[in-house]
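What follows is the content of structure.tsv (TSV, C-alpha atoms and all ligand atoms).
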```tsv
chain	number	residue	atom	x	y	z
A	1	MET	CA	-26.42	33.39	15.25
A	2	HIS	CA	-28.59	34.86	12.50
A	3	LYS	CA	-25.70	36.90	11.31
A	4	GLN	CA	-23.51	33.82	10.87
A	5	LEU	CA	-26.21	32.05	8.98
A	6	LEU	CA	-26.55	35.02	6.64
A	7	ILE	CA	-22.82	35.07	6.01
A	8	ILE	CA	-22.76	31.36	5.23
A	9	LEU	CA	-25.73	31.77	2.92
A	10	SER	CA	-24.25	34.67	1.03
A	11	ILE	CA	-20.94	32.83	0.61
A	12	SER	CA	-22.65	29.81	-0.83
A	13	VAL	CA	-24.75	31.96	-3.16
A	14	SER	CA	-21.71	33.78	-4.50
A	15	LEU	CA	-19.86	30.48	-4.90
A	16	SER	CA	-22.63	28.95	-6.94
A	17	SER	CA	-22.92	32.01	-9.17
A	18	CYS	CA	-19.18	31.81	-9.79
A	19	ALA	CA	-19.57	28.19	-10.77
A	20	GLN	CA	-22.28	29.11	-13.23
A	21	GLN	CA	-20.11	31.77	-14.80
A	22	ALA	CA	-17.22	29.39	-15.08
A	23	ALA	CA	-19.41	26.83	-16.82
A	24	ASN	CA	-20.67	29.42	-19.24
A	25	PRO	CA	-17.83	30.98	-21.27
A	26	SER	CA	-17.74	30.58	-25.01
A	27	SER	CA	-16.74	26.96	-25.23
A	28	ASN	CA	-17.64	26.63	-28.88
A	29	ASN	CA	-14.60	28.03	-30.63
A	30	THR	CA	-15.39	26.12	-33.77
A	31	THR	CA	-17.78	28.65	-35.27
A	32	SER	CA	-16.85	31.22	-37.89
A	33	ASN	CA	-14.89	34.39	-37.26
A	34	THR	CA	-17.96	36.57	-37.24
A	35	ALA	CA	-19.63	34.38	-34.69
A	36	MET	CA	-16.55	34.29	-32.51
A	37	ASN	CA	-16.16	38.05	-32.54
A	38	ASN	CA	-19.71	38.53	-31.46
A	39	GLU	CA	-20.00	35.59	-29.12
A	40	ASN	CA	-19.02	37.39	-25.93
A	41	ASN	CA	-21.47	40.21	-26.46
A	42	LYS	CA	-24.48	38.01	-26.93
A	43	THR	CA	-26.91	37.17	-24.23
A	44	ASN	CA	-30.59	36.51	-24.32
A	45	THR	CA	-31.15	40.11	-23.25
A	46	PRO	CA	-31.07	41.94	-26.57
A	47	PRO	CA	-29.73	45.49	-26.96
A	48	GLN	CA	-32.27	48.25	-26.47
A	49	THR	CA	-31.02	50.78	-29.03
A	50	GLU	CA	-30.01	50.60	-32.68
A	51	ALA	CA	-26.62	52.07	-31.73
A	52	ASP	CA	-26.04	49.12	-29.41
A	53	TRP	CA	-27.11	46.69	-32.13
A	54	LYS	CA	-24.51	48.20	-34.44
A	55	LYS	CA	-21.84	47.46	-31.85
A	56	ILE	CA	-22.51	43.73	-31.74
A	57	LEU	CA	-23.54	43.00	-35.35
A	58	SER	CA	-21.50	43.17	-38.54
A	59	PRO	CA	-22.87	45.73	-41.06
A	60	GLU	CA	-24.23	42.83	-43.15
A	61	GLN	CA	-25.93	41.23	-40.16
A	62	TYR	CA	-27.35	44.60	-39.11
A	63	HIS	CA	-28.85	45.13	-42.56
A	64	ILE	CA	-30.61	41.75	-42.54
A	65	LEU	CA	-31.65	41.53	-38.90
A	66	ARG	CA	-32.55	45.14	-38.16
A	67	GLU	CA	-33.43	46.54	-41.59
A	68	LYS	CA	-35.14	43.39	-42.90
A	69	GLY	CA	-32.66	42.92	-45.71
A	70	THR	CA	-32.21	39.78	-47.80
A	71	GLU	CA	-28.88	38.19	-48.67
A	72	TYR	CA	-28.22	37.18	-52.27
A	73	PRO	CA	-29.45	33.63	-52.91
A	74	GLY	CA	-26.80	30.95	-52.78
A	75	THR	CA	-24.26	33.15	-50.99
A	76	GLY	CA	-25.00	32.38	-47.34
A	77	LYS	CA	-22.62	30.29	-45.27
A	78	PHE	CA	-25.39	28.00	-44.02
A	79	TYR	CA	-27.15	27.40	-47.35
A	80	LEU	CA	-25.42	24.07	-48.01
A	81	HIS	CA	-24.32	23.55	-44.42
A	82	LYS	CA	-24.88	19.98	-43.22
A	83	GLU	CA	-23.28	19.66	-39.76
A	84	LYS	CA	-25.34	18.42	-36.81
A	85	GLY	CA	-26.23	21.14	-34.37
A	86	ILE	CA	-28.47	24.02	-33.45
A	87	TYR	CA	-29.07	27.19	-35.43
A	88	VAL	CA	-29.42	30.21	-33.15
A	89	CYS	CA	-30.38	33.83	-33.74
A	90	ALA	CA	-27.31	35.84	-34.78
A	91	GLY	CA	-28.69	38.76	-32.83
A	92	CYS	CA	-29.38	37.28	-29.42
A	93	GLY	CA	-28.39	33.60	-29.40
A	94	SER	CA	-31.95	32.27	-29.03
A	95	GLU	CA	-32.20	28.68	-30.31
A	96	LEU	CA	-34.44	28.61	-33.39
A	97	PHE	CA	-33.85	25.51	-35.54
A	98	THR	CA	-31.92	22.24	-35.44
A	99	SER	CA	-30.02	20.54	-38.24
A	100	ASP	CA	-32.73	17.83	-38.26
A	101	MET	CA	-35.25	20.44	-39.42
A	102	LYS	CA	-33.09	21.60	-42.34
A	103	PHE	CA	-33.75	20.31	-45.84
A	104	GLU	CA	-32.28	20.95	-49.28
A	105	SER	CA	-34.57	23.54	-50.76
A	106	HIS	CA	-32.64	24.61	-53.89
A	107	CYS	CA	-34.02	28.13	-53.32
A	108	GLY	CA	-30.72	29.71	-52.32
A	109	TRP	CA	-31.34	30.15	-48.60
A	110	PRO	CA	-31.14	27.78	-45.64
A	111	SER	CA	-34.57	26.20	-45.27
A	112	PHE	CA	-36.23	24.43	-42.38
A	113	ASP	CA	-39.52	22.54	-42.25
A	114	ARG	CA	-40.31	23.46	-38.65
A	115	GLU	CA	-38.99	25.46	-35.68
A	116	ILE	CA	-37.83	24.57	-32.18
A	117	ALA	CA	-40.94	24.51	-29.97
A	118	GLY	CA	-41.70	27.30	-27.54
A	119	GLY	CA	-42.70	30.28	-29.64
A	120	LYS	CA	-39.15	31.32	-30.44
A	121	VAL	CA	-40.11	32.41	-33.94
A	122	LYS	CA	-42.84	34.99	-34.49
A	123	THR	CA	-44.59	35.87	-37.72
A	124	LYS	CA	-45.95	39.06	-39.28
A	125	LEU	CA	-47.77	39.83	-42.53
A	126	ASP	CA	-45.37	41.42	-45.04
A	127	THR	CA	-46.85	43.26	-48.01
A	128	THR	CA	-43.64	44.92	-49.26
A	129	HIS	CA	-42.15	44.43	-52.74
A	130	GLY	CA	-45.59	43.82	-54.27
A	131	MET	CA	-45.99	40.45	-52.59
A	132	ILE	CA	-48.03	39.09	-49.73
A	133	ARG	CA	-45.70	37.06	-47.57
A	134	THR	CA	-45.33	36.04	-43.96
A	135	GLU	CA	-42.21	37.42	-42.35
A	136	ILE	CA	-40.48	35.39	-39.64
A	137	MET	CA	-38.63	37.07	-36.78
A	138	CYS	CA	-36.80	36.04	-33.64
A	139	ALA	CA	-39.40	36.34	-30.87
A	140	ASN	CA	-36.73	37.27	-28.34
A	141	CYS	CA	-35.01	40.19	-30.07
A	142	GLY	CA	-37.28	40.96	-33.03
A	143	GLY	CA	-34.49	40.28	-35.54
A	144	HIS	CA	-35.62	39.60	-39.11
A	145	LEU	CA	-34.98	35.98	-40.14
A	146	GLY	CA	-36.70	35.60	-43.49
A	147	HIS	CA	-40.12	34.36	-44.61
A	148	ILE	CA	-42.23	31.26	-44.21
A	149	PHE	CA	-44.02	29.61	-47.13
A	150	ASP	CA	-46.50	26.73	-47.24
A	151	ASP	CA	-44.85	24.95	-50.16
A	152	GLY	CA	-42.47	22.78	-48.16
A	153	PRO	CA	-41.70	19.30	-49.54
A	154	THR	CA	-41.78	17.45	-46.18
A	155	GLU	CA	-44.78	16.29	-44.17
A	156	THR	CA	-45.08	19.68	-42.39
A	157	GLY	CA	-45.68	21.41	-45.73
A	158	GLN	CA	-43.77	24.42	-44.42
A	159	ARG	CA	-40.62	26.12	-45.64
A	160	TYR	CA	-38.89	28.50	-43.26
A	161	CYS	CA	-36.65	30.41	-45.65
A	162	VAL	CA	-33.95	32.02	-43.51
A	163	ASN	CA	-30.98	34.28	-44.22
A	164	SER	CA	-27.65	32.74	-43.20
A	165	LEU	CA	-26.65	36.12	-41.80
A	166	SER	CA	-29.55	35.92	-39.35
A	167	LEU	CA	-28.11	32.71	-37.92
A	168	ASP	CA	-25.19	31.40	-35.94
A	169	PHE	CA	-24.49	27.71	-35.48
A	170	LYS	CA	-23.77	25.64	-32.39
A	171	LYS	CA	-22.15	22.35	-33.37
A	172	GLN	CA	-23.25	19.28	-31.45
A	201	ZN	ZN	-32.85	37.03	-31.56
```
Will you turn the file into structure tokens for me?
Ligand SMILES: [Zn+2]
Amino acid sequence: MHKQLLIILSISVSLSSCAQQAANPSSNNTTSNTAMNNENNKTNTPPQTEADWKKILSPEQYHILREKGTEYPGTGKFYLHKEKGIYVCAGCGSELFTSDMKFESHCGWPSFDREIAGGKVKTKLDTTHGMIRTEIMCANCGGHLGHIFDDGPTETGQRYCVNSLSLDFKKQ
């Protein structure tokens, strides 16, 4: 009796996990080549070693996200990007900003006036390059995003200045 119940239970559990997997696969094939190549490797569990990071990131993404690099202003694919959707961390897929938060900053990098709620972006004092700035990072994987400034033109007064290479985009 108990045995049968267990069998039925385990069958239904494995069926539902199959259904979840089937619902999951990369349905957004509209993103760029880089994003598509990396899509399958990304989960919200980030890699533990730098060697593993190098496997899932392009060299350019690795430099920005893991070595705190900065892309040349005006060169990023999301700088003038205006589609509706969600900007996610290029390292781990964590949702960080929406297109509604993006504004035209004329500074050369994608800029947002706020972040998606829930502590998905963390900050740290950055005193490199002779400046005192506040670095922003993905709270989930620690990837470098850019910096935040308090000179934003919207009512929040904030400007999240983010490298395009730190981001992927999910169209809505
Ligand atoms: Zn991340």
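Among the candidate residues A:Ile64, A:Leu167, A:Cys161, A:Ile148, the one lying nearest to Ser94 of chain A is A:Leu167, with distances computed using only C-alpha atoms.
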Quiz item: Of the candidates A:Tyr87, A:Phe78, A:Tyr160, A:Phe103, which shows the shortest atom-to-atom distance to ligand ZN 201 (chain A), using all atoms listed in the file?
Solution: A:Tyr87
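Put simply, atom CA of Ser58 of chain A is 18.9 Å away from atom CA of Tyr79 of chain A.
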Which residues of chain A come within 7 Å of ligand ZN 201 (chain A), and for each one, what is the closest pair of atoms and their distance in Å to one decimal, counting all atoms listed in the file, sorted by chain and residue number, as a tab-separated table?
```
residue	atom	partner	partner_atom	distance
A:Cys89	CA	A:ZN201	ZN	4.6
A:Ala90	CA	A:ZN201	ZN	6.5
A:Gly91	CA	A:ZN201	ZN	4.7
A:Cys92	CA	A:ZN201	ZN	4.1
A:Gly93	CA	A:ZN201	ZN	6.0
A:Ser94	CA	A:ZN201	ZN	5.5
A:Cys138	CA	A:ZN201	ZN	4.6
A:Ala139	CA	A:ZN201	ZN	6.6
A:Asn140	CA	A:ZN201	ZN	5.0
A:Cys141	CA	A:ZN201	ZN	4.1
A:Gly142	CA	A:ZN201	ZN	6.1
A:Gly143	CA	A:ZN201	ZN	5.4
```
Kindly assemble as a tab-separated table a list of the segment 72-91 of chain A residues that lie within 12 Å of segment 104-110 of chain A, each paired with its nearest atom pair and their distance in Å to one decimal, using only C-alpha atoms, sorted first by chain and then by ascending residue number.
```
residue	atom	partner	partner_atom	distance
A:Tyr72	CA	A:Gly108	CA	7.9
A:Pro73	CA	A:Gly108	CA	4.2
A:Gly74	CA	A:Gly108	CA	4.1
A:Thr75	CA	A:Gly108	CA	7.4
A:Gly76	CA	A:Trp109	CA	6.8
A:Lys77	CA	A:Pro110	CA	8.9
A:Phe78	CA	A:Pro110	CA	6.0
A:Tyr79	CA	A:Pro110	CA	4.4
A:Leu80	CA	A:Pro110	CA	7.2
A:His81	CA	A:Pro110	CA	8.1
A:Lys82	CA	A:Glu104	CA	9.6
A:Tyr87	CA	A:Pro110	CA	10.4
```
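Distance check against Asp126 of chain A using all atoms listed in the file: of A:Lys55, A:Lys102, A:Arg114, A:Lys68, the minimum falls on A:Lys68.
Nearest residue to Thr134 of chain A among A:Gln158, A:Leu165, A:Ile116, A:Lys84 is A:Gln158, counting all atoms listed in the file.
The coordinates place atom CA of Asp150 of chain A at 22.4 Å from atom CA of Val88 of chain A.
The smallest atom-to-atom distance between His144 of chain A and any of A:Thr98, A:Gln172, A:Gln48, A:Ser166, using all atoms listed in the file, is found for A:Ser166.
Take atom CA of Ala51 of chain A and atom CA of Gly119 of chain A: the distance between them is 27.2 Å.
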Quiz item: For Thr128 of chain A, which residue among A:Gly69, A:Pro47, A:Gly85, A:Pro59 is the nearest when counting all atoms listed in the file?
Solution: A:Gly69
Return as AutoDock Vina command-line options the centre and edge lengths, in Å with one decimal, of the box along x, y and z that encloses every atom of segment 79-93 of chain A in the file, padded by 6 Å per side.
```
--center_x -26.8 --center_y 28.6 --center_z -38.7 --size_x 19.1 --size_y 32.3 --size_z 30.6
```
